[in-house]
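K.L.:
Okay, handing you the structure first.
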Amino acid sequence: QAAGVVCADISARSDRTLLLNLFSPISSVFVHNPHLEEMKDDTLYHFGFGTRTHNLPAMFGDVKFVCVGGSPWRMKSFIEYIAAELRLEDPKSEYPNICAGTDRYAMYKVGPVLSVSHGMGIPSIAIMLHELIKLLHHACCTDVTIFRIGTSGGIGLEPGTVVVTKQSLDATFLPKFEQVILGKTVVRNTDLDPSLAEELLRCSKELDQFETVAGNTMCTLDFYEGQARLDGAFCSYSLKDKQDYLNKASEAGVCNIEMESSVFAAMCKLSGLRAAVVCVTLLDRLNGDQLNVAPEILHGYQQRPQILVGHYIQKQLKFCP
């Protein structure tokens with residue numbers, strides 16, 4: 001199906017919903033690949049799905065919110081949390097991994113909410129996003145909002161602060177994602193939806209449970225040297241070098257550091273997905289590199305992004321027909 005065309009298979013949708021989609025402005029999920037039109041079957045290898053073997057519109061056509069994060073355990077925890085918050089299913093229910101046929105990623109669904117793990121780092125999340133975007137496209141999903149929730153290292157923030165990303169910057173503090181394609185460097189924009197970020201900040205004020213700020217996020221290719229840590233297997237710089245670098249990052253508006261936001265922002269923008277990155281800071285990197293936090297406190301920190309995103313979804317669904 002070409003992007004923007006109403007799917008022929010509408011068996012999973014109500015007549016009322018179809019009429020609303022036909023006569024209301026809708027936002028489709030776009031793919032920019034003419035070769036897909038020529039394929040009789042598109043296999044989403046790392047999810048274990050295929051357009052010939054699975055009825056993707058019936059399985060996923062009602063998805064309006066997608067939440068992705070690194071850990072399979074965390075994404076299952078999120079779907080259990082959101083199911084309870086939205087009263088969509090018994091909170092004591094078991095939620096099977098829809099991608100159980102593969103061990104690369106985990107996927108869970110309840111109502112219009114999809115929760116997917118992406119692993120660690122740019123290569124892992126990029127592979128997942130290619131197949132997720134194609135899945136949403138093949139399923140004829142419209143008006144989808146996507147979130148990356150996760151953890152990060154803060155710069156000048158109290159541990160436990162939630163950062164809603166304005167722009168994803170690279171390790172030289174520039175708002176871009178670079179990828180080598182056919183031997184040539186392709187540069188893509190890393191802007192995220194500013195109105196969605198503002199809505200999330202308003203949600204945080206309504207919750208009034210934890211500090212939430214908007215700021216730039218630095219996305220690196222590595223957890224250790226790429227983030228100026230002193231505790232890796234290799235380190236060729238001094239403590240002063242590290243502090244100088246992190247202070248420059250702070251001057252560039254960087255509030256936190258992680259390893260996925262740049263490609264997430266770039267790919268979501270290309271596909272027309274409204275996107276946000278919501279990460280909690282586990283420590284202030286200006287004060288050290290290693291986590292020395294009690295497990296129960298760490299667990300509480302990790303729940304904060306899902307609480308914020310869950311509140312946003314809950315508010316949006318109150319206005320859904």
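By order of appearance in the structure tokens: chains A, B, ..., then residues from 1 within every chain, and ligands from 1 in the order shown.
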Find the residues near A:Glu260: any atom within 8 Å, counting only C-alpha atoms, skip ones fewer than 6 places away on the same chain, and give them as JSON, numbers by chain.
P.N.:
{"A": [120, 121, 122, 125, 219, 220]}
K.L.:
Excluding A:Ile307 and residues on its chain fewer than 3 positions from it, collect all residues at most 12 Å away from it, counting only C-alpha atoms, and give them as a PyMOL selection string.
P.N.:
chain A and resi 77-82+84-85+149-150+162+200+203-204+206-210+212+278-280+300-304+310-314
K.L.:
Please identify which residues in stretch 134-300 of chain A DSSP calls strand (DSSP E) from the backbone, and express them as number ranges by chain.
P.N.:
A: 145-154, 162-169, 176-181, 184-189, 212-219, 254-258, 274-284
K.L.:
So which residues touch stretch 185-197 of chain A within 12 Å, counting only C-alpha atoms, skipping near sequence neighbours fewer than 2 positions away, as JSON, numbers by chain?
P.N.:
{"A": [145, 146, 147, 148, 163, 164, 165, 166, 167, 168, 169, 170, 173, 174, 175, 176, 177, 178, 179, 180, 181, 182, 183, 199, 200, 201, 202, 203, 204, 212, 213, 214, 215, 216, 217, 218, 219, 260, 261, 262, 263, 264, 265, 266, 267, 268, 269, 270, 272, 273, 274, 275, 276, 277, 278, 308, 309, 312, 313, 316]}
K.L.:
Could you check the closest approach to A:Leu230 for each of A:Leu283, A:Ala58, A:Gly288, A:Ala252 and tell me which residue wins, using only C-alpha atoms?
P.N.:
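Among the listed residues, the smallest separation from A:Leu230 belongs to A:Gly288.
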K.L.:
Tell me, as a PyMOL selection string, which residues lie within 10 Å of A:Thr53, counting only C-alpha atoms; anything in the same chain fewer than 2 positions away does not count.
P.N.:
chain A and resi 41-43+48-51+55-56
K.L.:
Selection from above, N, CA, C and O atoms, as a PDB file, in the first residue's frame, can you write it?
P.N.:
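What landed in out24.pdb:
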```
ATOM      1  N   ASP A  41       6.229  -9.772  -0.671  1.00  0.00           N
ATOM      2  CA  ASP A  41       6.211 -10.036   0.765  1.00  0.00           C
ATOM      3  C   ASP A  41       7.348  -9.256   1.412  1.00  0.00           C
ATOM      4  O   ASP A  41       8.478  -9.287   0.928  1.00  0.00           O
ATOM      5  N   ASP A  42       7.049  -8.544   2.459  1.00  0.00           N
ATOM      6  CA  ASP A  42       8.067  -7.822   3.212  1.00  0.00           C
ATOM      7  C   ASP A  42       8.233  -8.519   4.557  1.00  0.00           C
ATOM      8  O   ASP A  42       7.328  -8.512   5.392  1.00  0.00           O
ATOM      9  N   THR A  43       9.374  -9.132   4.764  1.00  0.00           N
ATOM     10  CA  THR A  43       9.654  -9.849   6.003  1.00  0.00           C
ATOM     11  C   THR A  43      10.339  -8.922   6.997  1.00  0.00           C
ATOM     12  O   THR A  43      11.411  -8.381   6.707  1.00  0.00           O
ATOM     13  N   GLY A  48      10.006 -11.061  13.467  1.00  0.00           N
ATOM     14  CA  GLY A  48       9.373 -12.341  13.190  1.00  0.00           C
ATOM     15  C   GLY A  48       8.015 -12.199  12.525  1.00  0.00           C
ATOM     16  O   GLY A  48       7.166 -13.084  12.646  1.00  0.00           O
ATOM     17  N   PHE A  49       7.792 -11.084  11.801  1.00  0.00           N
ATOM     18  CA  PHE A  49       6.537 -10.855  11.092  1.00  0.00           C
ATOM     19  C   PHE A  49       6.795 -10.778   9.595  1.00  0.00           C
ATOM     20  O   PHE A  49       7.920 -10.557   9.144  1.00  0.00           O
ATOM     21  N   GLY A  50       5.720 -10.915   8.818  1.00  0.00           N
ATOM     22  CA  GLY A  50       5.794 -10.723   7.375  1.00  0.00           C
ATOM     23  C   GLY A  50       4.442 -10.280   6.856  1.00  0.00           C
ATOM     24  O   GLY A  50       3.400 -10.625   7.435  1.00  0.00           O
ATOM     25  N   THR A  51       4.436  -9.525   5.776  1.00  0.00           N
ATOM     26  CA  THR A  51       3.161  -9.052   5.235  1.00  0.00           C
ATOM     27  C   THR A  51       2.332 -10.190   4.635  1.00  0.00           C
ATOM     28  O   THR A  51       1.116 -10.083   4.538  1.00  0.00           O
ATOM     29  N   ASN A  55      -1.498 -10.754   9.327  1.00  0.00           N
ATOM     30  CA  ASN A  55      -2.449  -9.692   9.000  1.00  0.00           C
ATOM     31  C   ASN A  55      -2.103  -8.485   9.864  1.00  0.00           C
ATOM     32  O   ASN A  55      -2.663  -8.285  10.947  1.00  0.00           O
ATOM     33  N   LEU A  56      -1.167  -7.673   9.393  1.00  0.00           N
ATOM     34  CA  LEU A  56      -0.661  -6.572  10.199  1.00  0.00           C
ATOM     35  C   LEU A  56      -1.716  -5.506  10.488  1.00  0.00           C
ATOM     36  O   LEU A  56      -1.757  -4.977  11.605  1.00  0.00           O
TER      37      LEU A  56
END
```
K.L.:
Write out as a PyMOL selection string which residues come within 8 Å of stretch 129-133 of chain A when counting only C-alpha atoms, dropping same-chain ones fewer than 3 positions away.
P.N.:
chain A and resi 29-31+44+46-47+125-126+136-137+264+267+271
K.L.:
Find the residues around A:Leu286 up to 10 Å (only C-alpha atoms counted), leave out those fewer than 2 positions away in its own chain, and share them as a PyMOL selection string.
P.N.:
chain A and resi 153-157+242-244+246-247+283-284+288-289
K.L.:
How would the residues just picked look written out with N, CA, C and O atoms as an mmCIF file, in the first residue's frame?
P.N.:
```
data_model
loop_
_atom_site.group_PDB
_atom_site.id
_atom_site.type_symbol
_atom_site.label_atom_id
_atom_site.label_comp_id
_atom_site.auth_asym_id
_atom_site.auth_seq_id
_atom_site.Cartn_x
_atom_site.Cartn_y
_atom_site.Cartn_z
ATOM 1 N N GLY A 153 22.736 9.877 31.751
ATOM 2 C CA GLY A 153 23.588 10.598 32.689
ATOM 3 C C GLY A 153 23.286 12.078 32.588
ATOM 4 O O GLY A 153 23.212 12.621 31.483
ATOM 5 N N GLY A 154 23.088 12.736 33.720
ATOM 6 C CA GLY A 154 22.772 14.157 33.704
ATOM 7 C C GLY A 154 24.009 15.028 33.757
ATOM 8 O O GLY A 154 25.102 14.569 34.116
ATOM 9 N N ILE A 155 23.850 16.282 33.382
ATOM 10 C CA ILE A 155 24.930 17.272 33.513
ATOM 11 C C ILE A 155 24.368 18.455 34.300
ATOM 12 O O ILE A 155 23.543 19.224 33.800
ATOM 13 N N GLY A 156 24.789 18.560 35.552
ATOM 14 C CA GLY A 156 24.340 19.652 36.399
ATOM 15 C C GLY A 156 22.924 19.509 36.905
ATOM 16 O O GLY A 156 22.324 20.491 37.340
ATOM 17 N N LEU A 157 22.375 18.301 36.859
ATOM 18 C CA LEU A 157 21.020 18.054 37.343
ATOM 19 C C LEU A 157 21.051 17.077 38.511
ATOM 20 O O LEU A 157 21.912 16.194 38.572
ATOM 21 N N LYS A 242 38.086 15.793 31.081
ATOM 22 C CA LYS A 242 36.699 15.353 31.180
ATOM 23 C C LYS A 242 35.793 16.496 31.629
ATOM 24 O O LYS A 242 34.745 16.761 31.007
ATOM 25 N N GLN A 243 36.187 17.180 32.698
ATOM 26 C CA GLN A 243 35.355 18.251 33.231
ATOM 27 C C GLN A 243 35.204 19.385 32.218
ATOM 28 O O GLN A 243 34.111 19.950 32.065
ATOM 29 N N ASP A 244 36.278 19.709 31.508
ATOM 30 C CA ASP A 244 36.213 20.768 30.492
ATOM 31 C C ASP A 244 35.219 20.404 29.388
ATOM 32 O O ASP A 244 34.440 21.247 28.931
ATOM 33 N N LEU A 246 32.635 18.248 29.532
ATOM 34 C CA LEU A 246 31.261 18.238 30.008
ATOM 35 C C LEU A 246 30.746 19.656 30.251
ATOM 36 O O LEU A 246 29.559 19.940 30.035
ATOM 37 N N ASN A 247 31.633 20.556 30.671
ATOM 38 C CA ASN A 247 31.220 21.950 30.839
ATOM 39 C C ASN A 247 30.895 22.589 29.494
ATOM 40 O O ASN A 247 29.942 23.386 29.386
ATOM 41 N N LEU A 283 22.495 9.984 37.512
ATOM 42 C CA LEU A 283 23.579 10.607 38.264
ATOM 43 C C LEU A 283 23.960 11.901 37.577
ATOM 44 O O LEU A 283 23.597 12.131 36.414
ATOM 45 N N ASP A 284 24.688 12.757 38.295
ATOM 46 C CA ASP A 284 25.252 13.969 37.702
ATOM 47 C C ASP A 284 26.671 13.654 37.286
ATOM 48 O O ASP A 284 27.543 13.430 38.125
ATOM 49 N N GLY A 288 30.837 12.446 39.003
ATOM 50 C CA GLY A 288 31.350 11.079 38.981
ATOM 51 C C GLY A 288 30.829 10.290 37.804
ATOM 52 O O GLY A 288 30.036 10.787 36.993
ATOM 53 N N ASP A 289 31.275 9.034 37.715
ATOM 54 C CA ASP A 289 30.943 8.198 36.571
ATOM 55 C C ASP A 289 30.148 6.952 36.935
ATOM 56 O O ASP A 289 29.453 6.392 36.093
#
```
K.L.:
Residues of stretch 131-275 of chain A in alpha helix (DSSP H) according to DSSP, as a count of residues only?
P.N.:
46
K.L.:
Using only C-alpha atoms, which of A:Ser28, A:Pro159, A:Ala100, A:Trp73 sits nearest A:Cys141?
P.N.:
A:Ser28
K.L.:
Out of A:Arg52, A:Arg104, A:Ile98, A:Val63, which residue has the shortest atom-to-atom distance to A:Lys40 when counting only C-alpha atoms?
P.N.:
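Once distances to A:Lys40 are computed over only C-alpha atoms, the minimum belongs to A:Arg52.
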K.L.:
Grab the atom CA of A:Leu291 to atom CA of A:Thr172 distance for me, in Å with one decimal place.
P.N.:
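Here the two named atoms are 25.2 Å from each other.
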K.L.:
List as a count of residues only the protein and nucleic acid residues near A:Asp231, meaning an atom at most 9 Å away when only C-alpha atoms are counted, but skip any in the same chain fewer than 3 places from it.
P.N.:
6
K.L.:
Rank A:Thr281, A:Tyr237, A:Gly119, A:Met39 by their smallest atom-to-atom distance to A:Gly160, using only C-alpha atoms, and report the top residue only.
P.N.:
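Among the listed residues, the smallest separation from A:Gly160 belongs to A:Thr281.
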